[in-house]
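Asker: So that you have it, the file is upload32.cif, and it contains mmCIF, C-alpha atoms and all ligand atoms:
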data_data
#
loop_
_atom_site.label_atom_id
_atom_site.label_comp_id
_atom_site.auth_asym_id
_atom_site.auth_seq_id
_atom_site.Cartn_x
_atom_site.Cartn_y
_atom_site.Cartn_z
CA MET A 14 6.25 32.14 -5.23
CA GLU A 15 3.94 35.17 -5.32
CA THR A 16 1.73 33.87 -8.09
CA LEU A 17 1.16 30.45 -6.55
CA GLU A 18 -1.62 31.19 -4.17
CA GLU A 19 -1.77 28.58 -1.46
CA THR A 20 -5.16 27.07 -0.84
CA SER A 21 -5.79 26.96 2.90
CA PRO A 22 -2.15 26.16 3.71
CA SER A 23 -2.91 25.00 7.22
CA GLN A 24 -4.89 22.16 5.71
CA THR A 25 -2.76 21.21 2.76
CA ALA A 26 0.86 22.00 3.57
CA ASP A 27 1.23 19.40 6.31
CA TYR A 28 0.47 16.55 3.94
CA THR A 29 2.19 15.31 0.83
CA VAL A 30 -1.22 14.32 -0.49
CA LYS A 31 -4.59 15.56 0.60
CA ALA A 32 -7.74 14.66 -1.30
CA ASP A 33 -11.12 16.15 -0.61
CA HIS A 34 -14.16 14.37 -2.06
CA LEU A 35 -12.25 13.45 -5.19
CA SER A 36 -14.57 11.84 -7.74
CA LYS A 37 -14.44 10.61 -11.30
CA THR A 38 -17.32 9.53 -13.48
CA PHE A 39 -17.04 7.97 -16.92
CA GLY A 40 -20.38 8.68 -18.57
CA SER A 41 -22.82 7.75 -15.86
CA PHE A 42 -20.42 5.31 -14.18
CA GLU A 43 -18.85 6.47 -10.93
CA ALA A 44 -15.36 4.98 -10.98
CA VAL A 45 -14.18 6.99 -7.93
CA ARG A 46 -16.59 8.48 -5.45
CA ASP A 47 -15.82 11.09 -2.76
CA VAL A 48 -12.33 9.92 -1.94
CA THR A 49 -11.07 11.95 1.02
CA LEU A 50 -7.65 11.12 2.42
CA GLU A 51 -4.48 12.57 3.86
CA ILE A 52 -1.00 11.17 3.44
CA GLU A 53 1.82 12.51 5.55
CA PRO A 54 5.38 13.03 4.35
CA GLY A 55 7.49 9.88 4.49
CA ALA A 56 4.55 7.47 4.53
CA ILE A 57 4.49 4.28 2.52
CA TYR A 58 0.82 4.18 1.69
CA GLY A 59 -0.58 0.90 0.42
CA PHE A 60 -3.55 1.49 -1.83
CA ILE A 61 -5.50 -1.73 -1.83
CA GLY A 62 -8.56 -2.86 -3.68
CA PRO A 63 -9.82 -5.52 -6.03
CA ASN A 64 -9.80 -5.20 -9.82
CA GLY A 65 -11.80 -2.22 -11.00
CA ALA A 66 -11.93 -0.60 -7.53
CA GLY A 67 -10.64 2.74 -8.78
CA LYS A 68 -6.97 2.62 -7.77
CA THR A 69 -5.52 3.52 -11.17
CA THR A 70 -8.17 6.19 -11.73
CA THR A 71 -7.37 7.82 -8.38
CA MET A 72 -3.62 7.70 -9.01
CA ARG A 73 -3.99 9.13 -12.49
CA MET A 74 -5.97 12.04 -11.06
CA LEU A 75 -3.29 12.70 -8.44
CA ALA A 76 -0.66 12.53 -11.18
CA THR A 77 -2.61 15.20 -13.14
CA LEU A 78 -3.13 12.81 -16.04
CA LEU A 79 -6.89 12.64 -15.58
CA GLU A 80 -9.19 15.48 -14.60
CA PRO A 81 -11.46 14.85 -11.62
CA SER A 82 -15.20 15.21 -12.27
CA ASP A 83 -15.55 16.64 -8.81
CA GLY A 84 -13.59 17.33 -5.67
CA GLU A 85 -10.09 18.58 -5.08
CA ALA A 86 -6.66 17.28 -4.19
CA TRP A 87 -3.34 18.83 -3.29
CA VAL A 88 0.04 17.27 -3.86
CA CYS A 89 2.85 18.94 -1.93
CA GLY A 90 0.38 21.75 -1.21
CA LEU A 91 -0.40 22.38 -4.91
CA SER A 92 -3.88 21.96 -6.32
CA ILE A 93 -4.37 19.40 -9.09
CA ASN A 94 -7.25 21.52 -10.40
CA ASP A 95 -5.12 24.60 -10.99
CA HIS A 96 -4.16 24.27 -14.65
CA HIS A 97 -1.87 27.28 -14.83
CA GLN A 98 1.36 26.27 -16.51
CA GLU A 99 3.44 27.35 -13.53
CA ASN A 100 1.39 25.31 -11.09
CA LEU A 101 1.35 22.21 -13.27
CA ALA A 102 5.10 22.39 -13.77
CA ALA A 103 5.72 22.70 -10.01
CA LEU A 104 3.26 19.90 -9.32
CA ARG A 105 4.74 17.51 -11.84
CA ALA A 106 8.20 18.20 -10.49
CA CYS A 107 6.96 16.77 -7.17
CA ILE A 108 5.47 13.61 -8.67
CA GLY A 109 7.07 10.44 -9.97
CA TYR A 110 4.36 8.34 -11.58
CA MET A 111 4.94 4.74 -12.59
CA PRO A 112 1.99 3.49 -14.61
CA ASP A 113 0.74 -0.09 -14.44
CA PHE A 114 1.91 -0.66 -18.01
CA ILE A 115 4.93 1.18 -19.25
CA GLY A 116 5.57 1.91 -22.89
CA ILE A 117 8.79 0.36 -24.12
CA TYR A 118 10.62 1.77 -27.06
CA ASP A 119 12.23 -0.63 -29.51
CA LYS A 120 15.92 -0.42 -30.18
CA MET A 121 16.66 1.73 -27.17
CA THR A 122 19.20 0.86 -24.52
CA CYS A 123 18.60 1.40 -20.83
CA ARG A 124 20.97 4.38 -20.91
CA GLU A 125 19.22 5.93 -23.91
CA TYR A 126 15.84 5.41 -22.28
CA LEU A 127 16.92 7.24 -19.12
CA GLU A 128 18.65 9.95 -21.17
CA PHE A 129 15.40 10.51 -23.01
CA PHE A 130 13.49 11.03 -19.76
CA ALA A 131 16.30 13.12 -18.25
CA ALA A 132 15.95 15.45 -21.23
CA ALA A 133 12.17 15.45 -20.91
CA TYR A 134 12.53 16.58 -17.29
CA PHE A 135 15.07 19.27 -18.25
CA ILE A 136 17.93 17.74 -16.30
CA GLU A 137 21.07 19.68 -17.21
CA PRO A 138 23.03 17.77 -19.89
CA LYS A 139 26.24 17.71 -17.87
CA ARG A 140 24.49 16.09 -14.91
CA ARG A 141 22.80 13.34 -16.92
CA ALA A 142 25.54 10.75 -17.25
CA GLY A 143 26.32 10.69 -13.52
CA LEU A 144 22.66 10.65 -12.55
CA ILE A 145 21.93 7.75 -14.89
CA ASN A 146 24.81 5.74 -13.44
CA ASP A 147 23.55 6.41 -9.91
CA LEU A 148 19.99 5.41 -10.78
CA LEU A 149 21.06 2.24 -12.58
CA GLU A 150 23.08 1.30 -9.54
CA LEU A 151 20.17 2.02 -7.19
CA VAL A 152 17.90 -0.34 -9.13
CA ASP A 153 20.72 -2.83 -9.66
CA LEU A 154 20.83 -2.56 -13.45
CA SER A 155 24.33 -1.19 -13.99
CA ALA A 156 25.29 -4.33 -15.89
CA LYS A 157 22.44 -3.72 -18.36
CA LYS A 158 23.29 -0.10 -19.09
CA GLU A 159 24.01 -0.69 -22.78
CA SER A 160 21.51 -3.53 -23.26
CA TYR A 161 18.35 -3.10 -25.32
CA ILE A 162 15.22 -2.76 -23.20
CA GLU A 163 13.30 -5.37 -25.18
CA GLY A 164 15.83 -7.94 -24.01
CA LEU A 165 15.20 -7.26 -20.31
CA SER A 166 13.16 -9.58 -18.14
CA ARG A 167 9.88 -8.34 -16.66
CA GLY A 168 11.48 -7.64 -13.29
CA MET A 169 14.33 -5.71 -14.87
CA THR A 170 11.87 -3.70 -16.95
CA GLN A 171 9.95 -2.78 -13.79
CA ARG A 172 13.18 -1.69 -12.14
CA LEU A 173 14.11 0.40 -15.15
CA ALA A 174 10.67 2.02 -14.98
CA LEU A 175 11.28 2.81 -11.34
CA ALA A 176 14.62 4.42 -12.23
CA ARG A 177 12.83 6.54 -14.81
CA THR A 178 10.26 7.54 -12.18
CA LEU A 179 13.05 8.79 -9.93
CA ILE A 180 14.95 10.79 -12.52
CA HIS A 181 13.78 14.25 -11.41
CA ASP A 182 14.07 13.37 -7.70
CA PRO A 183 10.32 13.67 -6.98
CA LYS A 184 9.00 13.94 -3.42
CA LEU A 185 6.03 11.66 -4.10
CA LEU A 186 6.16 8.32 -5.88
CA LEU A 187 2.88 7.08 -7.32
CA LEU A 188 3.52 3.44 -8.17
CA ASP A 189 0.70 1.55 -9.82
CA GLU A 190 1.18 -2.16 -9.14
CA PRO A 191 4.94 -2.07 -9.51
CA ALA A 192 5.27 -5.69 -8.37
CA SER A 193 2.88 -7.23 -10.86
CA GLY A 194 4.50 -10.02 -12.82
CA LEU A 195 7.53 -10.20 -10.55
CA ASP A 196 8.81 -13.46 -9.12
CA PRO A 197 9.04 -13.82 -5.33
CA ARG A 198 12.69 -12.86 -5.23
CA ALA A 199 12.15 -9.78 -7.38
CA ARG A 200 9.24 -8.80 -5.12
CA VAL A 201 11.44 -8.94 -2.05
CA GLU A 202 14.07 -6.88 -3.86
CA LEU A 203 11.49 -4.30 -4.90
CA ARG A 204 10.25 -4.11 -1.33
CA GLU A 205 13.76 -3.45 -0.07
CA LEU A 206 14.26 -0.81 -2.73
CA LEU A 207 11.04 0.98 -1.74
CA LYS A 208 12.02 0.91 1.92
CA GLU A 209 15.35 2.42 0.93
CA LEU A 210 13.54 5.17 -1.02
CA SER A 211 11.35 5.82 2.00
CA ARG A 212 14.46 6.18 4.16
CA MET A 213 15.69 8.70 1.58
CA GLY A 214 12.62 10.77 2.48
CA LYS A 215 10.23 9.93 -0.35
CA THR A 216 6.52 9.55 0.22
CA ILE A 217 5.27 6.49 -1.61
CA ILE A 218 1.81 5.43 -2.73
CA ILE A 219 1.82 1.87 -3.99
CA SER A 220 -1.23 0.09 -5.31
CA SER A 221 -1.76 -3.62 -5.27
CA HIS A 222 -4.40 -6.25 -4.85
CA ILE A 223 -1.90 -8.66 -3.39
CA LEU A 224 -2.12 -7.86 0.28
CA THR A 225 0.73 -9.90 1.63
CA GLU A 226 2.99 -7.92 -0.66
CA LEU A 227 2.18 -4.74 1.23
CA THR A 228 1.83 -6.10 4.76
CA GLU A 229 5.43 -5.86 5.74
CA MET A 230 6.31 -2.59 4.16
CA CYS A 231 3.41 -0.11 4.49
CA SER A 232 3.05 2.39 7.30
CA HIS A 233 -0.36 3.49 6.05
CA VAL A 234 -3.08 1.87 4.07
CA GLY A 235 -6.15 2.86 2.09
CA ILE A 236 -8.77 0.31 1.16
CA ILE A 237 -10.92 1.12 -1.84
CA GLU A 238 -13.76 -0.87 -3.26
CA ARG A 239 -16.17 0.01 -6.04
CA GLY A 240 -14.87 3.58 -6.09
CA THR A 241 -15.38 4.17 -2.36
CA LEU A 242 -12.58 4.50 0.16
CA LEU A 243 -13.60 2.23 3.03
CA ALA A 244 -10.70 2.96 5.36
CA SER A 245 -7.57 5.08 5.30
CA GLY A 246 -4.89 5.74 7.85
CA LYS A 247 -2.05 4.23 9.83
CA VAL A 248 -1.97 0.46 9.65
CA SER A 249 -1.74 0.36 13.45
CA ASP A 250 -4.76 2.68 13.90
CA ILE A 251 -6.93 0.68 11.56
CA LEU A 252 -5.86 -2.52 13.27
CA GLY A 253 -6.55 -0.94 16.67
CA LYS A 254 -10.10 -0.09 15.65
CA LEU A 255 -10.73 -3.60 14.42
CA ASN A 256 -8.98 -5.14 17.39
CA GLN A 257 -11.33 -3.47 19.85
CA HIS A 258 -13.83 -5.98 18.60
CA MET A 259 -12.00 -9.14 17.74
CA ARG A 260 -8.60 -10.49 18.64
CA ILE A 261 -6.94 -13.76 17.84
CA VAL A 262 -4.92 -15.36 20.62
CA LYS A 263 -2.68 -18.31 20.02
CA LEU A 264 -2.34 -20.76 22.89
CA ARG A 265 0.32 -23.39 23.51
CA ILE A 266 -0.83 -26.13 25.83
CA ARG A 267 1.15 -29.12 27.08
CA PRO A 268 0.07 -32.28 25.26
CA ILE A 269 -2.96 -33.86 26.93
CA LYS A 270 -4.62 -37.26 26.61
CA ALA A 271 -6.86 -37.65 23.55
CA GLU A 272 -9.99 -38.20 25.65
CA LYS A 273 -9.41 -34.87 27.43
CA VAL A 274 -9.36 -32.80 24.25
CA GLU A 275 -13.11 -32.14 24.26
CA VAL A 276 -12.99 -31.19 27.95
CA LEU A 277 -10.24 -28.73 27.16
CA ARG A 278 -12.20 -27.33 24.23
CA GLY A 279 -15.18 -26.77 26.55
CA ILE A 280 -13.06 -24.92 29.10
CA LEU A 281 -11.51 -22.72 26.41
CA LEU A 282 -14.91 -21.90 24.92
CA ASN A 283 -16.24 -20.89 28.33
CA GLY A 284 -13.52 -18.29 28.78
CA PRO A 285 -14.72 -14.70 29.19
CA GLY A 286 -15.14 -13.05 25.77
CA VAL A 287 -14.26 -16.20 23.81
CA LYS A 288 -16.26 -16.51 20.59
CA ALA A 289 -14.59 -19.43 18.89
CA VAL A 290 -11.89 -22.00 19.46
CA ARG A 291 -10.00 -24.17 17.01
CA PRO A 292 -7.09 -26.55 17.33
CA LEU A 293 -4.27 -25.85 14.89
CA ASP A 294 -2.43 -28.56 13.03
CA SER A 295 0.23 -29.59 15.45
CA GLN A 296 1.54 -33.01 16.34
CA PRO A 297 1.16 -33.65 19.24
CA LEU A 298 -1.79 -31.29 19.61
CA THR A 299 -0.43 -28.29 21.51
CA ASP A 300 -1.51 -25.24 19.49
CA TRP A 301 -4.95 -23.67 19.68
CA GLU A 302 -6.40 -20.45 18.37
CA VAL A 303 -9.12 -18.59 20.24
CA GLN A 304 -11.12 -15.68 18.93
CA VAL A 305 -11.76 -13.21 21.70
CA GLU A 306 -13.93 -10.13 21.83
CA GLY A 307 -12.56 -7.54 24.17
CA ASN A 308 -9.80 -5.12 25.09
CA GLU A 309 -6.50 -5.72 26.81
CA ALA A 310 -8.04 -5.84 30.29
CA GLU A 311 -10.38 -8.56 29.11
CA LEU A 312 -7.50 -10.53 27.62
CA ASN A 313 -5.88 -10.37 31.03
CA GLN A 314 -9.09 -11.76 32.59
CA LEU A 315 -9.03 -14.57 30.10
CA LEU A 316 -5.48 -15.53 30.95
CA ARG A 317 -6.38 -15.58 34.67
CA TYR A 318 -9.36 -17.78 33.90
CA PHE A 319 -7.22 -20.32 32.02
CA VAL A 320 -4.76 -20.45 34.91
CA GLU A 321 -7.59 -20.87 37.47
CA LYS A 322 -9.00 -23.74 35.41
CA ASN A 323 -5.60 -25.44 35.46
CA VAL A 324 -5.17 -25.36 31.71
CA PRO A 325 -1.52 -26.51 31.27
CA LEU A 326 -0.70 -23.38 29.35
CA PHE A 327 2.80 -22.44 28.32
CA GLY A 328 2.08 -19.92 25.60
CA PHE A 329 -0.46 -17.10 25.28
CA ALA A 330 0.15 -14.69 22.45
CA GLU A 331 -2.08 -12.29 20.61
CA GLN A 332 -1.61 -12.73 16.87
CA PRO A 333 -0.84 -9.60 14.91
CA THR A 334 -3.58 -9.10 12.35
CA ASN A 335 -2.26 -8.68 8.86
CA LEU A 336 -3.52 -6.61 5.97
CA GLU A 337 -5.35 -9.58 4.57
CA GLU A 338 -7.53 -9.68 7.67
CA ILE A 339 -7.99 -5.91 7.71
CA PHE A 340 -9.10 -6.06 4.13
CA LEU A 341 -11.54 -8.89 4.71
CA GLN A 342 -13.01 -7.27 7.80
CA VAL A 343 -13.32 -3.81 6.28
CA THR A 344 -14.89 -5.07 3.07
CA LYS A 345 -17.02 -7.71 4.78
CA GLY A 346 -20.36 -6.21 3.84
CA TYR A 347 -19.36 -5.77 0.25
CA VAL A 348 -17.77 -9.05 -0.66
CA SER A 349 -20.34 -11.28 0.94
N1 LIG B 1 -11.30 5.62 -19.44
C1 LIG B 1 -12.29 4.93 -18.90
N2 LIG B 1 -13.52 4.88 -19.44
C2 LIG B 1 -14.53 4.19 -18.87
N3 LIG B 1 -14.41 3.48 -17.72
C3 LIG B 1 -13.21 3.49 -17.12
C4 LIG B 1 -12.09 4.19 -17.67
N4 LIG B 1 -11.02 4.01 -16.84
C5 LIG B 1 -11.46 3.22 -15.85
N5 LIG B 1 -12.77 2.91 -16.01
C6 LIG B 1 -13.57 2.10 -15.09
O1 LIG B 1 -13.41 2.58 -13.79
C7 LIG B 1 -13.34 1.53 -12.85
C8 LIG B 1 -12.08 1.65 -12.05
O2 LIG B 1 -10.98 1.35 -12.87
P1 LIG B 1 -9.47 1.40 -12.35
O3 LIG B 1 -8.59 1.13 -13.51
O4 LIG B 1 -9.26 2.69 -11.62
O5 LIG B 1 -9.45 0.20 -11.32
P2 LIG B 1 -8.21 -0.44 -10.54
O6 LIG B 1 -8.58 -0.40 -9.08
O7 LIG B 1 -6.96 0.21 -10.95
O8 LIG B 1 -8.26 -1.97 -11.01
P3 LIG B 1 -7.08 -3.02 -11.33
O9 LIG B 1 -6.73 -3.66 -10.01
O10 LIG B 1 -7.71 -3.99 -12.24
O11 LIG B 1 -5.94 -2.27 -11.95
C9 LIG B 1 -13.44 0.23 -13.66
O12 LIG B 1 -14.76 -0.22 -13.59
C10 LIG B 1 -13.08 0.67 -15.05
O13 LIG B 1 -13.75 -0.13 -16.01
MG MG B 2 -5.26 -0.46 -11.90
#
Render the structure in this file as structure tokens.

Answerer:
Amino acid sequence: METLEETSPSQTADYTVKADHLSKTFGSFEAVRDVTLEIEPGAIYGFIGPNGAGKTTTMRMLATLLEPSDGEAWVCGLSINDHHQENLAALRACIGYMPDFIGIYDKMTCREYLEFFAAAYFIEPKRRAGLINDLLELVDLSAKKESYIEGLSRGMTQRLALARTLIHDPKLLLLDEPASGLDPRARVELRELLKELSRMGKTIIISSHILTELTEMCSHVGIIERGTLLASGKVSDILGKLNQHMRIVKLRIRPIKAEKVEVLRGILLNGPGVKAVRPLDSQPLTDWEVQVEGNEAELNQLLRYFVEKNVPLFGFAEQPTNLEEIFLQVTKGYVS
């Protein structure tokens, strides 16, 4: 569109979200400080941080519900600081925001609730009924179409909120702790649903402080603490950076006599790059974990060393680090 001037398109157009030193202060309190990040189309971006870290504040700014005190961000190439009606309308058409707490209206059925939001997003009246059926099916609530919302369980309410978030087919989903209060089964179902949405081409930002929840599903991750983004990028890249320093290798060793266990421990500890060794709970004792500093070549050296020392090894596997470990390592200086 002629009137929508693109701000340095080469920088912004390639990303669904790009933030540049985004900041928010409440009075003199800096809730979000200099957040700079890029999220590519199709990413499932896990936004992780403890309570009060600034996740909701950041998401509300991206959703144009809260004005930044400083900095800039672009969603689908459109600036969140450009308050012209045309820009805001285009921007909000791109965004599906699911707040951490959704307002529920009394005496409204699921269908009426979605009809209300369909109208609010100017969906053509003749398209609404079909769309609502499709959305209810997607979130597995077809059976509750005519039920009152107040009678839904927490998990069902969350799924209804997700359906509402999808009603205008946004490119970006901003989901603020969508899994909070869900039972394990509902969490798995939500995860599957989000993966499905990602396959449908949506970019998803999902906040949580429960790391295991995000481990399996996120392609990218941002770790925020006390308003500062400590790391942001592909899960594999962040892991790679950490892994240059420390790796965990799990060993399987044929059962040995009890009196030889300390000898074995000594041999393992003397391995090149080995920083720590611990037996895992296994009966008989076969499983050990060693912490190794070094790259892949050094791991190879270590394996050779074990073989030379006649360690009766039958398993040598580097453990994938999970988000929990990334989080603990990245925030080490802050939490201790
Ligand atoms: N409207 C406001 N006025 C004053 N302070 C605020 C306001 N909104 C948020 N804050 C403060 O900003 C900080 C970040 O809050 P935010 O809600 O963004 O954290 P969060 O990471 O979403 O936490 P949680 O995991 O608990 O949801 C907190 O210290 C909070 O008290
Ligand atoms: Mg929050």

Asker: Need to verify the contact set: Leu277 of chain A, 10 Å, all atoms listed in the file, exclusion of same-chain residues closer than 3 positions in sequence. Can you return it as a ChimeraX atom specification?

Answerer: /A:266,269,272-274,280-283,322,324-325

Asker: Can I get the residues close to ligand MG 2 (chain B) as a PyMOL selection string, where close means within 10 Å and we count only C-alpha atoms and all ligand atoms?

Answerer: chain A and resi 62-73+112-114+189-190+220-222

Asker: Using only C-alpha atoms and all ligand atoms, pick whichever of A:Pro191, A:Gly164, A:Gly84, A:Gly284 has the shortest atom-to-atom distance to ligand LIG 1 (chain B).

Answerer: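 Residue with the minimum atom-to-atom distance to ligand LIG 1 (chain B): A:Pro191.
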
Asker: Applying 8 Å and all atoms listed in the file, which residues near Leu149 of chain A remain after dropping the ones on its own chain fewer than 5 positions away? List them as a PyMOL selection string.

Answerer: chain A and resi 154-155+158+173+176

Asker: Suppose you want the space between atom CA of Leu293 of chain A and atom CA of Gly307 of chain A; what is it in Å?

Answerer: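 Here the two named atoms are 22.1 Å from each other.
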
Asker: To one decimal place, how far is atom C7 of ligand LIG 1 (chain B) from atom CA of Leu79 of chain A in Å?

Answerer: 13.1 Å

Asker: I'd like the interatomic distance between atom CA of Trp87 of chain A and atom CA of Gly40 of chain A, to a tenth of an Å.

Answerer: 25.0 Å

Asker: So that I can see what lies close to Ile57 of chain A, please list as a list in words the residues with an atom at most 9 Å from it, counting all atoms listed in the file and leaving out residues fewer than 6 positions away in the same chain.

Answerer: Leu207, Lys208, Ser211, Lys215, Thr216, Ile217, Ile218, Ile219, Met230, Cys231, Ser232, His233 and Val234 of chain A

Asker: Smallest atom-to-atom distance to ligand LIG 1 (chain B): which of A:Glu137, A:Glu99, A:Glu238, A:Glu275, using all atoms listed in the file?

Answerer: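 Looking at the shortest contact to ligand LIG 1 (chain B), the residue is A:Glu238.
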
Asker: With 8 Å as the threshold, what does the neighbourhood of (0.4, 10.7, 2.0) contain in terms of residues, counting only C-alpha atoms? Coordinates are those of the file; answer as a list in words.

Answerer: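 Counting only C-alpha atoms, I find these residues within 8 Å of (0.4, 10.7, 2.0): Tyr28, Thr29, Val30, Lys31, Glu51, Ile52, Glu53, Pro54, Gly55, Ala56, Ile57, Tyr58, Thr216, Ile217 and Ile218 of chain A.
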